[in-house]
>>> print(open('upload-v3.txt').read())   # compact mmCIF, C-alpha atoms and all ligand atoms
# COMPACT_ATOMS: atom_id res chain seq x y z
CA MET A 26 38.10 32.42 26.10
CA ARG A 27 36.01 29.76 27.76
CA ARG A 28 36.68 28.69 31.33
CA TYR A 29 36.20 25.23 32.80
CA ASN A 30 36.84 23.61 36.14
CA GLN A 31 37.67 20.14 37.21
CA GLY A 32 34.47 18.47 38.38
CA GLY A 33 32.46 20.95 36.33
CA GLU A 34 29.62 19.51 34.25
CA GLU A 35 31.25 20.10 30.88
CA ILE A 36 34.35 18.07 31.70
CA ARG A 37 34.20 14.27 31.64
CA THR A 38 36.87 12.26 33.39
CA ILE A 39 37.62 8.78 32.17
CA GLU A 40 39.76 6.04 33.65
CA VAL A 41 41.42 4.60 30.57
CA ALA A 42 43.44 2.05 32.55
CA PRO A 43 44.23 1.54 36.23
CA SER A 44 46.24 4.60 37.31
CA LEU A 45 45.49 6.38 34.03
CA SER A 46 42.68 8.85 34.25
CA ILE A 47 42.20 11.72 31.82
CA ALA A 48 39.85 14.65 31.48
CA LEU A 49 38.13 15.12 28.13
CA LEU A 50 38.12 18.75 27.13
CA PRO A 51 34.99 19.99 25.41
CA VAL A 52 35.21 20.48 21.63
CA GLU A 53 32.43 20.82 19.14
CA ARG A 54 34.11 18.72 16.46
CA ALA A 55 33.44 15.03 15.90
CA ASP A 56 36.32 12.61 15.38
CA ILE A 57 38.57 14.41 17.81
CA VAL A 58 39.62 13.42 21.30
CA PRO A 59 41.36 16.12 23.38
CA ALA A 60 42.80 14.61 26.55
CA PHE A 61 44.20 16.37 29.58
CA PHE A 62 46.40 14.46 31.99
CA ARG A 63 47.31 15.84 35.39
CA ASP A 64 50.48 14.32 36.73
CA ASP A 65 50.72 13.31 40.36
CA PRO A 66 54.27 13.84 41.60
CA GLU A 67 53.70 10.95 44.01
CA ARG A 68 53.10 8.56 41.12
CA ASP A 69 55.93 6.08 40.69
CA GLU A 70 57.60 6.48 37.32
CA ASN A 71 57.29 2.72 36.77
CA ALA A 72 53.52 3.18 36.51
CA PHE A 73 54.07 4.71 33.07
CA GLN A 74 56.21 1.89 31.70
CA PRO A 75 53.43 -0.56 30.65
CA PHE A 76 52.14 2.10 28.23
CA LEU A 77 55.43 2.54 26.40
CA THR A 78 56.62 0.42 23.50
CA ARG A 79 60.24 -0.71 23.43
CA ALA A 80 61.18 2.06 20.97
CA GLU A 81 59.46 4.71 23.10
CA ALA A 82 61.13 3.48 26.29
CA SER A 83 64.44 3.80 24.51
CA GLU A 84 63.59 7.36 23.34
CA GLY A 85 62.61 8.25 26.92
CA ARG A 86 65.97 7.04 28.27
CA GLY A 87 67.54 9.80 26.15
CA LYS A 88 65.89 12.47 28.35
CA THR A 89 68.48 13.22 30.98
CA ALA A 90 66.70 16.05 32.85
CA PRO A 91 64.16 14.45 35.28
CA ALA A 92 61.53 17.19 34.79
CA ALA A 93 61.77 16.91 31.00
CA TYR A 94 61.44 13.13 31.21
CA ARG A 95 58.40 13.41 33.47
CA ALA A 96 56.77 15.92 31.10
CA TRP A 97 57.53 13.67 28.13
CA LEU A 98 55.97 10.70 29.99
CA SER A 99 52.84 12.74 30.79
CA GLY A 100 52.51 13.67 27.13
CA ARG A 101 52.71 10.00 26.15
CA MET A 102 50.03 9.12 28.71
CA ALA A 103 47.66 11.78 27.40
CA ALA A 104 48.33 10.83 23.77
CA LYS A 105 47.87 7.11 24.28
CA ALA A 106 44.72 7.57 26.31
CA ALA A 107 43.26 9.82 23.61
CA ALA A 108 44.22 7.37 20.85
CA ALA A 109 42.73 4.43 22.78
CA LEU A 110 39.47 6.35 23.11
CA LEU A 111 39.34 7.28 19.43
CA TRP A 112 40.35 3.95 17.93
CA GLY A 113 39.76 1.45 20.74
CA GLY A 114 42.35 -1.04 22.03
CA PRO A 115 44.60 -0.68 25.03
CA PRO A 116 46.61 2.55 25.52
CA GLY A 117 49.87 0.69 24.82
CA ASP A 118 48.61 -0.29 21.37
CA GLN A 119 50.01 2.75 19.56
CA GLU A 120 53.56 3.88 19.03
CA ILE A 121 54.45 7.58 18.91
CA ARG A 122 57.28 8.44 16.54
CA LYS A 123 58.61 11.86 15.63
CA ASN A 124 59.10 12.98 12.04
CA SER A 125 62.21 14.92 11.01
CA GLU A 126 60.69 18.26 12.19
CA GLY A 127 59.69 16.86 15.57
CA ARG A 128 55.99 16.29 14.92
CA PRO A 129 54.64 13.25 16.78
CA ASP A 130 52.76 10.67 14.71
CA LEU A 131 50.96 7.48 15.69
CA TYR A 132 51.94 4.09 14.30
CA ARG A 133 51.26 0.50 15.10
CA PRO A 134 54.09 -0.71 17.35
CA GLY A 135 56.76 -2.99 15.97
CA LEU A 136 56.38 -1.92 12.35
CA THR A 137 59.14 0.20 10.88
CA ALA A 138 58.14 3.55 9.38
CA GLY A 139 58.88 2.41 5.79
CA PRO A 140 55.83 2.65 3.58
CA GLU A 141 53.50 2.59 6.58
CA ARG A 142 51.47 5.74 7.01
CA PRO A 143 50.72 7.41 10.32
CA ARG A 144 47.30 6.91 11.78
CA GLY A 145 45.26 10.11 12.02
CA TRP A 146 46.88 13.17 13.56
CA LEU A 147 48.32 13.75 16.98
CA SER A 148 49.54 16.80 18.83
CA ILE A 149 51.12 16.93 22.29
CA SER A 150 51.95 19.69 24.76
CA HIS A 151 53.21 19.61 28.30
CA THR A 152 53.89 22.05 31.06
CA ARG A 153 54.77 21.69 34.72
CA GLY A 154 52.32 19.23 36.28
CA ALA A 155 50.17 18.39 33.25
CA ALA A 156 50.02 17.42 29.61
CA ALA A 157 47.45 17.66 26.85
CA ALA A 158 47.16 15.62 23.68
CA VAL A 159 44.69 15.71 20.85
CA VAL A 160 44.08 12.99 18.30
CA SER A 161 42.03 13.48 15.20
CA ARG A 162 40.79 11.18 12.46
CA ARG A 163 40.31 13.55 9.54
CA GLU A 164 42.40 16.68 9.81
CA PRO A 165 45.59 17.94 11.44
CA VAL A 166 45.39 19.35 14.95
CA GLY A 167 47.70 21.32 17.18
CA VAL A 168 47.65 21.87 20.92
CA ASP A 169 49.53 24.10 23.32
CA LEU A 170 49.26 24.02 27.10
CA GLU A 171 50.68 26.60 29.48
CA ARG A 172 50.11 27.55 33.08
CA ALA A 173 47.56 30.35 32.90
CA ASP A 174 49.52 32.52 35.33
CA ARG A 175 52.65 32.37 33.18
CA PRO A 176 53.74 36.00 32.83
CA VAL A 177 54.63 37.42 29.43
CA LYS A 178 57.06 40.25 30.12
CA ALA A 179 56.98 43.42 28.05
CA SER A 180 60.38 42.56 26.54
CA MET A 181 59.11 39.12 25.53
CA ALA A 182 55.96 40.66 24.03
CA ARG A 183 58.07 43.06 21.94
CA TRP A 184 60.30 40.21 20.77
CA ALA A 185 57.53 37.71 20.00
CA PHE A 186 54.70 39.84 18.62
CA THR A 187 54.27 42.45 15.91
CA GLY A 188 52.55 45.78 16.71
CA PRO A 189 49.19 44.60 15.28
CA GLU A 190 49.45 41.38 17.31
CA ARG A 191 50.08 43.36 20.48
CA ARG A 192 46.89 45.30 19.83
CA LEU A 193 45.02 42.02 19.25
CA ALA A 194 46.34 40.62 22.54
CA GLU A 195 44.91 43.58 24.40
CA GLU A 196 41.64 43.25 22.53
CA PHE A 197 41.35 39.53 23.34
CA SER A 198 41.64 39.95 27.06
CA ASP A 199 43.18 42.50 29.39
CA ALA A 200 44.62 39.63 31.45
CA GLY A 201 46.23 36.72 29.62
CA GLY A 202 45.81 38.12 26.11
CA TYR A 203 49.49 37.71 25.24
CA LEU A 204 49.60 34.19 26.57
CA ALA A 205 46.44 33.34 24.61
CA LEU A 206 47.99 34.64 21.40
CA TRP A 207 51.20 32.76 22.08
CA CYS A 208 49.31 29.50 22.73
CA ALA A 209 47.25 30.07 19.57
CA ARG A 210 50.36 30.57 17.43
CA GLU A 211 52.13 27.59 19.00
CA ALA A 212 49.09 25.32 18.47
CA ALA A 213 48.61 26.54 14.89
CA ALA A 214 52.29 25.97 14.10
CA LYS A 215 52.02 22.42 15.45
CA CYS A 216 48.94 21.78 13.35
CA TRP A 217 51.11 22.65 10.32
CA GLY A 218 53.85 20.35 11.58
CA ARG A 219 56.10 23.22 12.63
CA ALA A 220 57.76 24.25 15.89
CA LEU A 221 56.89 27.92 16.45
CA LEU A 222 60.35 28.98 17.56
CA ASN A 223 61.77 27.91 14.19
CA HIS A 224 59.10 29.86 12.30
CA LEU A 225 58.30 32.82 14.51
CA ASP A 226 58.03 35.28 11.61
CA SER A 227 55.85 32.99 9.47
CA VAL A 228 53.15 32.24 12.07
CA ARG A 229 51.11 35.33 12.85
CA ALA A 230 47.88 35.98 14.74
CA ALA A 231 45.60 37.77 12.27
CA ARG A 232 42.30 38.23 14.04
CA VAL A 233 40.50 37.57 17.30
CA ASP A 234 36.93 36.27 17.47
CA ARG A 235 35.93 36.98 21.05
CA GLU A 236 32.45 35.57 20.64
CA ARG A 237 33.77 32.16 19.54
CA GLY A 238 36.78 32.42 21.86
CA LEU A 239 39.26 31.86 19.07
CA VAL A 240 42.26 33.35 17.36
CA VAL A 241 42.73 33.21 13.59
CA VAL A 242 46.37 32.42 12.81
CA ASP A 243 48.10 32.72 9.43
CA TRP A 244 51.03 30.83 7.98
CA LEU A 245 52.60 33.47 5.79
CA GLY A 246 54.01 30.90 3.41
CA PRO A 247 54.59 30.58 0.58
CA PRO A 248 52.10 29.04 0.14
CA THR A 249 49.87 30.59 2.77
CA ALA A 250 47.52 28.72 5.12
CA ARG A 251 45.09 29.70 7.85
CA ALA A 252 44.15 28.00 11.14
CA GLU A 253 41.70 28.73 13.93
CA ALA A 254 42.76 28.23 17.52
CA GLU A 255 40.18 27.85 20.29
CA ILE A 256 41.37 29.15 23.63
CA MET A 257 40.20 27.72 26.92
CA VAL A 258 41.20 27.98 30.52
CA TYR A 259 40.95 24.75 32.51
CA ASP A 260 41.69 25.12 36.21
CA GLU A 261 45.13 26.75 36.40
CA PHE A 262 46.01 26.00 32.76
CA MET A 263 45.50 27.78 29.46
CA LEU A 264 45.11 25.68 26.37
CA ALA A 265 44.84 26.35 22.64
CA LEU A 266 43.46 23.83 20.16
CA ALA A 267 44.13 24.63 16.51
CA PHE A 268 42.58 23.26 13.32
CA PRO A 269 43.16 24.22 9.69
CA ALA A 270 40.66 26.88 8.62
CA GLU A 271 41.51 26.24 5.00
CA ALA A 272 43.37 23.48 3.23
CA PRO A 273 46.98 24.52 2.69
CA ALA A 274 48.56 24.06 -0.72
CA GLY A 275 51.88 22.83 -2.08
CA LYS A 276 54.76 21.70 0.12
CA ILE A 277 53.08 22.38 3.44
CA ARG A 278 50.08 20.31 2.38
CA ALA A 279 52.30 17.41 1.33
CA GLU A 280 54.07 17.63 4.68
CA ILE A 281 51.03 17.73 6.90
CA TRP A 282 48.98 15.26 4.86
CA PRO A 283 51.47 12.42 4.33
CA HIS A 284 48.56 10.26 5.46
CA GLU A 285 46.78 10.66 2.12
C1 LIG B 301 59.45 22.84 19.99
C2 LIG B 301 58.32 23.70 20.52
C3 LIG B 301 57.05 23.25 19.81
C4 LIG B 301 58.19 23.41 22.01
O1 LIG B 301 57.17 24.09 22.58
P1 LIG B 301 56.96 24.12 24.15
O2 LIG B 301 55.87 25.09 24.45
O3 LIG B 301 58.25 24.29 24.84
O4 LIG B 301 56.55 22.66 24.49
P2 LIG B 301 55.19 21.90 24.29
O5 LIG B 301 55.14 20.95 25.41
O6 LIG B 301 54.02 22.78 24.07
O7 LIG B 301 55.43 21.13 22.93
C5 LIG B 301 56.36 20.10 22.83
C6 LIG B 301 55.80 19.10 21.86
O8 LIG B 301 55.67 19.71 20.60
C7 LIG B 301 55.64 18.68 19.64
N1 LIG B 301 56.37 19.14 18.49
C8 LIG B 301 57.70 19.41 18.39
N2 LIG B 301 58.01 19.77 17.13
C9 LIG B 301 56.84 19.74 16.42
C10 LIG B 301 56.50 20.00 15.07
N3 LIG B 301 57.42 20.34 14.16
N4 LIG B 301 55.20 19.87 14.69
C11 LIG B 301 54.25 19.51 15.57
N5 LIG B 301 54.52 19.23 16.88
C12 LIG B 301 55.80 19.35 17.28
C13 LIG B 301 56.25 17.44 20.28
O9 LIG B 301 55.25 16.46 20.43
C14 LIG B 301 56.72 17.93 21.63
O10 LIG B 301 56.50 17.04 22.70
P3 LIG B 301 57.34 15.68 22.87
O11 LIG B 301 58.77 16.04 22.66
O12 LIG B 301 57.03 15.19 24.23
O13 LIG B 301 56.82 14.74 21.81
C15 LIG B 301 58.75 25.15 20.17
O14 LIG B 301 57.80 25.84 19.45
C16 LIG B 301 59.24 25.94 21.33
O15 LIG B 301 60.32 25.68 21.80
N6 LIG B 301 58.49 26.92 21.83
C17 LIG B 301 58.95 27.79 22.91
C18 LIG B 301 58.07 27.79 24.10
C19 LIG B 301 58.17 29.11 24.82
O16 LIG B 301 59.17 29.76 24.89
N7 LIG B 301 57.03 29.55 25.31
C20 LIG B 301 56.90 30.83 25.92
C21 LIG B 301 55.46 31.01 26.32
S1 LIG B 301 55.08 32.67 26.72
>>> encode(input="upload-v3.txt", output="structure tokens")
Amino acid sequence: MRRYNQGGEEIRTIEVAPSLSIALLPVERADIVPAFFRDDPERDENAFQPFLTRAEASEGRGKTAPAAYRAWLSGRMAAKAAAALLWGGPPGDQEIRKNSEGRPDLYRPGLTAGPERPRGWLSISHTRGAAAAVVSRREPVGVDLERADRPVKASMARWAFTGPERRLAEEFSDAGGYLALWCAREAAAKCWGRALLNHLDSVRAARVDRERGLVVVDWLGPPTARAEAEIMVYDEFMLALAFPAEAPAGKIRAEIWPHE
């Protein structure tokens, strides 16, 4: 897995709007903007409001736990900043709506879903103190962000991973291998429009490519699909970015490519 630090040469920081600054994580693909947003607990919650559409503000009011609301807001900030960088226009110019499985999609605000198609692909992840979002023009993406020191207990590893996956985790890295595999599976699931916890047995890490710092993840189907998840560590966070390694077929294709 590759490691980066804030202020390091590979990481660009951009002020997308006053009080909205994001770090651009390095990816080798064109047409993709991966944004990392570090929340400042001192920041007044009202600072987020200009970036929300009316429908989003109403969705946010449904979050009753303050920490969950703050994380949700951070995710919106990262997503809107990334979308503004990819397509231009102010960060408030996009509306994020969830589909029936919970996948976030980007729309133009004010228009009802109806026949309108989502714009590109979006994935969001948040953890305590930060959020990451990735937008992509041409293909689905998935992201997962965790604190890199998050422990994965032996009981959790036995519950979440098969025997072969446990061996892969140890092969990937002696420290953080389980977390890396978890992030990879979560990001891959999101790139297929799925929440991992609902499909734990269908989303499996198949192979580790240490040289490229990635995990190959399979959707066991039917029909089957494959994704590659790049793992990076940025300051105190671990992040996986997943892309389809092959075009899925059938129902899953229709679900993740409604944009066609
Ligand atoms: C729903 C799930 C995706 C949430 O994952 P999470 O790690 O808690 O949270 P994340 O911040 O990474 O992801 C949440 C985001 O996933 C996205 N998401 C939810 N359902 C999705 C789906 N079907 N397809 C794509 N993305 C989806 C949403 O954008 C959501 O953020 P939002 O509500 O602000 O829009 C689910 O897989 C889950 O609950 N995972 C358990 C996490 C866990 O136990 N981790 C242990 C680590 S060792």
>>> residues_around(input="upload-v3.txt", residues="Phe197 (chain A)", least_positions_apart="4", cutoff="9 Å", atoms="all atoms listed in the file", output="PyMOL selection string")
chain A and resi 26+192-193+201-203+205-206+233-235+238+240
>>> residues_around(input="upload-v3.txt", residues="Ala265 (chain A)", least_positions_apart="4", cutoff="12 Å", atoms="all atoms listed in the file", output="ChimeraX atom specification")
/A:26-27,50,52,59,148-150,157-159,166-173,204-216,238-242,252-259
>>> axis_aligned_box(input="upload-v3.txt", around="ligand LIG 301 (chain B)", padding_each_side="3 Å", output="lines of an AutoDock Vina configuration file")
center_x = 57.2
center_y = 23.7
center_z = 20.4
size_x = 12.3
size_y = 23.9
size_z = 18.6
>>> closest_residue(input="upload-v3.txt", among="A:Ala231, A:Val160, A:Leu49, A:Ala42", to="ligand LIG 301 (chain B)", atoms="all atoms listed in the file")
A:Val160
>>> closest_residue(input="upload-v3.txt", among="A:Glu236, A:Glu70, A:Glu126, A:Glu271", to="Arg219 (chain A)", atoms="all atoms listed in the file")
A:Glu126
>>> residues_around(input="upload-v3.txt", residues="Glu53 (chain A)", least_positions_apart="5", cutoff="12 Å", atoms="all atoms listed in the file", output="PyMOL selection string")
chain A and resi 35+58-59+237+255+266+268
>>> write_last_selection(input="upload-v3.txt", atoms="C-alpha atoms", output="tab-separated table (two decimals), in the coordinates of the input")
chain	number	residue	atom	x	y	z
A	35	GLU	CA	31.25	20.10	30.88
A	58	VAL	CA	39.62	13.42	21.30
A	59	PRO	CA	41.36	16.12	23.38
A	237	ARG	CA	33.77	32.16	19.54
A	255	GLU	CA	40.18	27.85	20.29
A	266	LEU	CA	43.46	23.83	20.16
A	268	PHE	CA	42.58	23.26	13.32
>>> closest_residue(input="upload-v3.txt", among="A:Arg86, A:His224, A:Arg28, A:Arg79", to="Gly246 (chain A)", atoms="all atoms listed in the file")
A:His224
>>> atom_distance(input="upload-v3.txt", atom1="CA of Val228 (chain A)", atom2="CA of Leu245 (chain A)")
6.4 Å
>>> closest_residue(input="upload-v3.txt", among="A:Leu45, A:Ala156, A:Leu264, A:Ala274", to="Pro247 (chain A)", atoms="all atoms listed in the file")
A:Ala274
>>> closest_residue(input="upload-v3.txt", among="A:Glu164, A:Glu40, A:Glu84, A:Glu190", to="Ala270 (chain A)", atoms="only C-alpha atoms")
A:Glu164
>>> atom_distance(input="upload-v3.txt", atom1="atom C4 of ligand LIG 301 (chain B)", atom2="CA of Ala220 (chain A)")
6.2 Å
>>> closest_residue(input="upload-v3.txt", among="A:Glu81, A:Pro283, A:Pro165, A:Ala93", to="Pro134 (chain A)", atoms="all atoms listed in the file")
A:Glu81
>>> residues_around(input="upload-v3.txt", residues="Glu280 (chain A)", least_positions_apart="5", cutoff="10 Å", atoms="all atoms listed in the file", output="PyMOL selection string")
chain A and resi 217-219+275
>>> atom_distance(input="upload-v3.txt", atom1="atom S1 of ligand LIG 301 (chain B)", atom2="CA of Leu222 (chain A)")
11.2 Å
>>> decode(input="upload-v3.txt", residues="region 137-210 of chain A", atoms="C-alpha atoms", output="PDB file, in the first residue's frame")
ATOM      1  CA  THR A 137     -37.093  15.285 -10.140  1.00  0.00           C
ATOM      2  CA  ALA A 138     -35.459  11.904 -10.741  1.00  0.00           C
ATOM      3  CA  GLY A 139     -38.035  10.894 -13.413  1.00  0.00           C
ATOM      4  CA  PRO A 140     -36.393  10.163 -16.732  1.00  0.00           C
ATOM      5  CA  GLU A 141     -33.322  12.184 -15.800  1.00  0.00           C
ATOM      6  CA  ARG A 142     -30.144  10.146 -15.598  1.00  0.00           C
ATOM      7  CA  PRO A 143     -27.463  10.564 -12.971  1.00  0.00           C
ATOM      8  CA  ARG A 144     -24.333  12.384 -13.974  1.00  0.00           C
ATOM      9  CA  GLY A 145     -21.210  10.217 -13.896  1.00  0.00           C
ATOM     10  CA  TRP A 146     -20.550   8.111 -10.812  1.00  0.00           C
ATOM     11  CA  LEU A 147     -20.040   9.082  -7.218  1.00  0.00           C
ATOM     12  CA  SER A 148     -18.936   7.229  -4.129  1.00  0.00           C
ATOM     13  CA  ILE A 149     -18.721   8.568  -0.581  1.00  0.00           C
ATOM     14  CA  SER A 150     -17.168   7.348   2.655  1.00  0.00           C
ATOM     15  CA  HIS A 151     -16.743   8.966   6.030  1.00  0.00           C
ATOM     16  CA  THR A 152     -15.101   8.189   9.293  1.00  0.00           C
ATOM     17  CA  ARG A 153     -14.445  10.179  12.450  1.00  0.00           C
ATOM     18  CA  GLY A 154     -12.909  13.510  11.437  1.00  0.00           C
ATOM     19  CA  ALA A 155     -12.801  13.088   7.654  1.00  0.00           C
ATOM     20  CA  ALA A 156     -14.604  12.085   4.495  1.00  0.00           C
ATOM     21  CA  ALA A 157     -13.580  10.976   1.032  1.00  0.00           C
ATOM     22  CA  ALA A 158     -15.540  11.142  -2.195  1.00  0.00           C
ATOM     23  CA  VAL A 159     -14.688  10.102  -5.706  1.00  0.00           C
ATOM     24  CA  VAL A 160     -16.431  11.207  -8.877  1.00  0.00           C
ATOM     25  CA  SER A 161     -15.853   9.621 -12.224  1.00  0.00           C
ATOM     26  CA  ARG A 162     -16.986  10.399 -15.749  1.00  0.00           C
ATOM     27  CA  ARG A 163     -16.780   7.021 -17.448  1.00  0.00           C
ATOM     28  CA  GLU A 164     -16.987   4.126 -15.037  1.00  0.00           C
ATOM     29  CA  PRO A 165     -18.324   3.283 -11.587  1.00  0.00           C
ATOM     30  CA  VAL A 166     -16.103   3.918  -8.584  1.00  0.00           C
ATOM     31  CA  GLY A 167     -16.182   2.952  -4.945  1.00  0.00           C
ATOM     32  CA  VAL A 168     -14.365   4.395  -1.963  1.00  0.00           C
ATOM     33  CA  ASP A 169     -13.917   3.376   1.642  1.00  0.00           C
ATOM     34  CA  LEU A 170     -12.172   5.411   4.322  1.00  0.00           C
ATOM     35  CA  GLU A 171     -11.209   4.180   7.770  1.00  0.00           C
ATOM     36  CA  ARG A 172      -8.851   5.324  10.482  1.00  0.00           C
ATOM     37  CA  ALA A 173      -5.668   3.367   9.822  1.00  0.00           C
ATOM     38  CA  ASP A 174      -5.297   2.405  13.478  1.00  0.00           C
ATOM     39  CA  ARG A 175      -8.759   0.831  13.574  1.00  0.00           C
ATOM     40  CA  PRO A 176      -8.206  -2.606  15.114  1.00  0.00           C
ATOM     41  CA  VAL A 177      -9.702  -5.694  13.512  1.00  0.00           C
ATOM     42  CA  LYS A 178     -10.138  -8.187  16.340  1.00  0.00           C
ATOM     43  CA  ALA A 179      -9.559 -11.885  15.760  1.00  0.00           C
ATOM     44  CA  SER A 180     -13.280 -12.584  16.272  1.00  0.00           C
ATOM     45  CA  MET A 181     -14.175  -9.958  13.655  1.00  0.00           C
ATOM     46  CA  ALA A 182     -11.596 -11.412  11.242  1.00  0.00           C
ATOM     47  CA  ARG A 183     -13.111 -14.894  11.646  1.00  0.00           C
ATOM     48  CA  TRP A 184     -16.611 -13.521  11.090  1.00  0.00           C
ATOM     49  CA  ALA A 185     -15.803 -11.281   8.119  1.00  0.00           C
ATOM     50  CA  PHE A 186     -13.176 -13.220   6.167  1.00  0.00           C
ATOM     51  CA  THR A 187     -12.822 -16.707   4.723  1.00  0.00           C
ATOM     52  CA  GLY A 188      -9.677 -18.766   5.446  1.00  0.00           C
ATOM     53  CA  PRO A 189      -8.080 -17.853   2.080  1.00  0.00           C
ATOM     54  CA  GLU A 190      -8.845 -14.167   2.707  1.00  0.00           C
ATOM     55  CA  ARG A 191      -7.188 -14.350   6.110  1.00  0.00           C
ATOM     56  CA  ARG A 192      -4.054 -15.691   4.449  1.00  0.00           C
ATOM     57  CA  LEU A 193      -4.223 -12.870   1.875  1.00  0.00           C
ATOM     58  CA  ALA A 194      -4.526 -10.277   4.652  1.00  0.00           C
ATOM     59  CA  GLU A 195      -1.325 -11.543   6.218  1.00  0.00           C
ATOM     60  CA  GLU A 196       0.378 -11.588   2.840  1.00  0.00           C
ATOM     61  CA  PHE A 197      -0.668  -8.002   2.078  1.00  0.00           C
ATOM     62  CA  SER A 198       0.822  -6.521   5.188  1.00  0.00           C
ATOM     63  CA  ASP A 199       1.651  -7.769   8.656  1.00  0.00           C
ATOM     64  CA  ALA A 200       0.102  -4.601  10.095  1.00  0.00           C
ATOM     65  CA  GLY A 201      -3.195  -3.388   8.670  1.00  0.00           C
ATOM     66  CA  GLY A 202      -3.710  -6.263   6.230  1.00  0.00           C
ATOM     67  CA  TYR A 203      -7.189  -7.074   7.525  1.00  0.00           C
ATOM     68  CA  LEU A 204      -8.256  -3.460   7.439  1.00  0.00           C
ATOM     69  CA  ALA A 205      -6.897  -3.133   3.896  1.00  0.00           C
ATOM     70  CA  LEU A 206      -8.903  -6.153   2.764  1.00  0.00           C
ATOM     71  CA  TRP A 207     -12.011  -4.847   4.489  1.00  0.00           C
ATOM     72  CA  CYS A 208     -11.639  -1.414   2.835  1.00  0.00           C
ATOM     73  CA  ALA A 209     -11.043  -3.105  -0.531  1.00  0.00           C
ATOM     74  CA  ARG A 210     -14.207  -5.210  -0.225  1.00  0.00           C
TER      75      ARG A 210
END
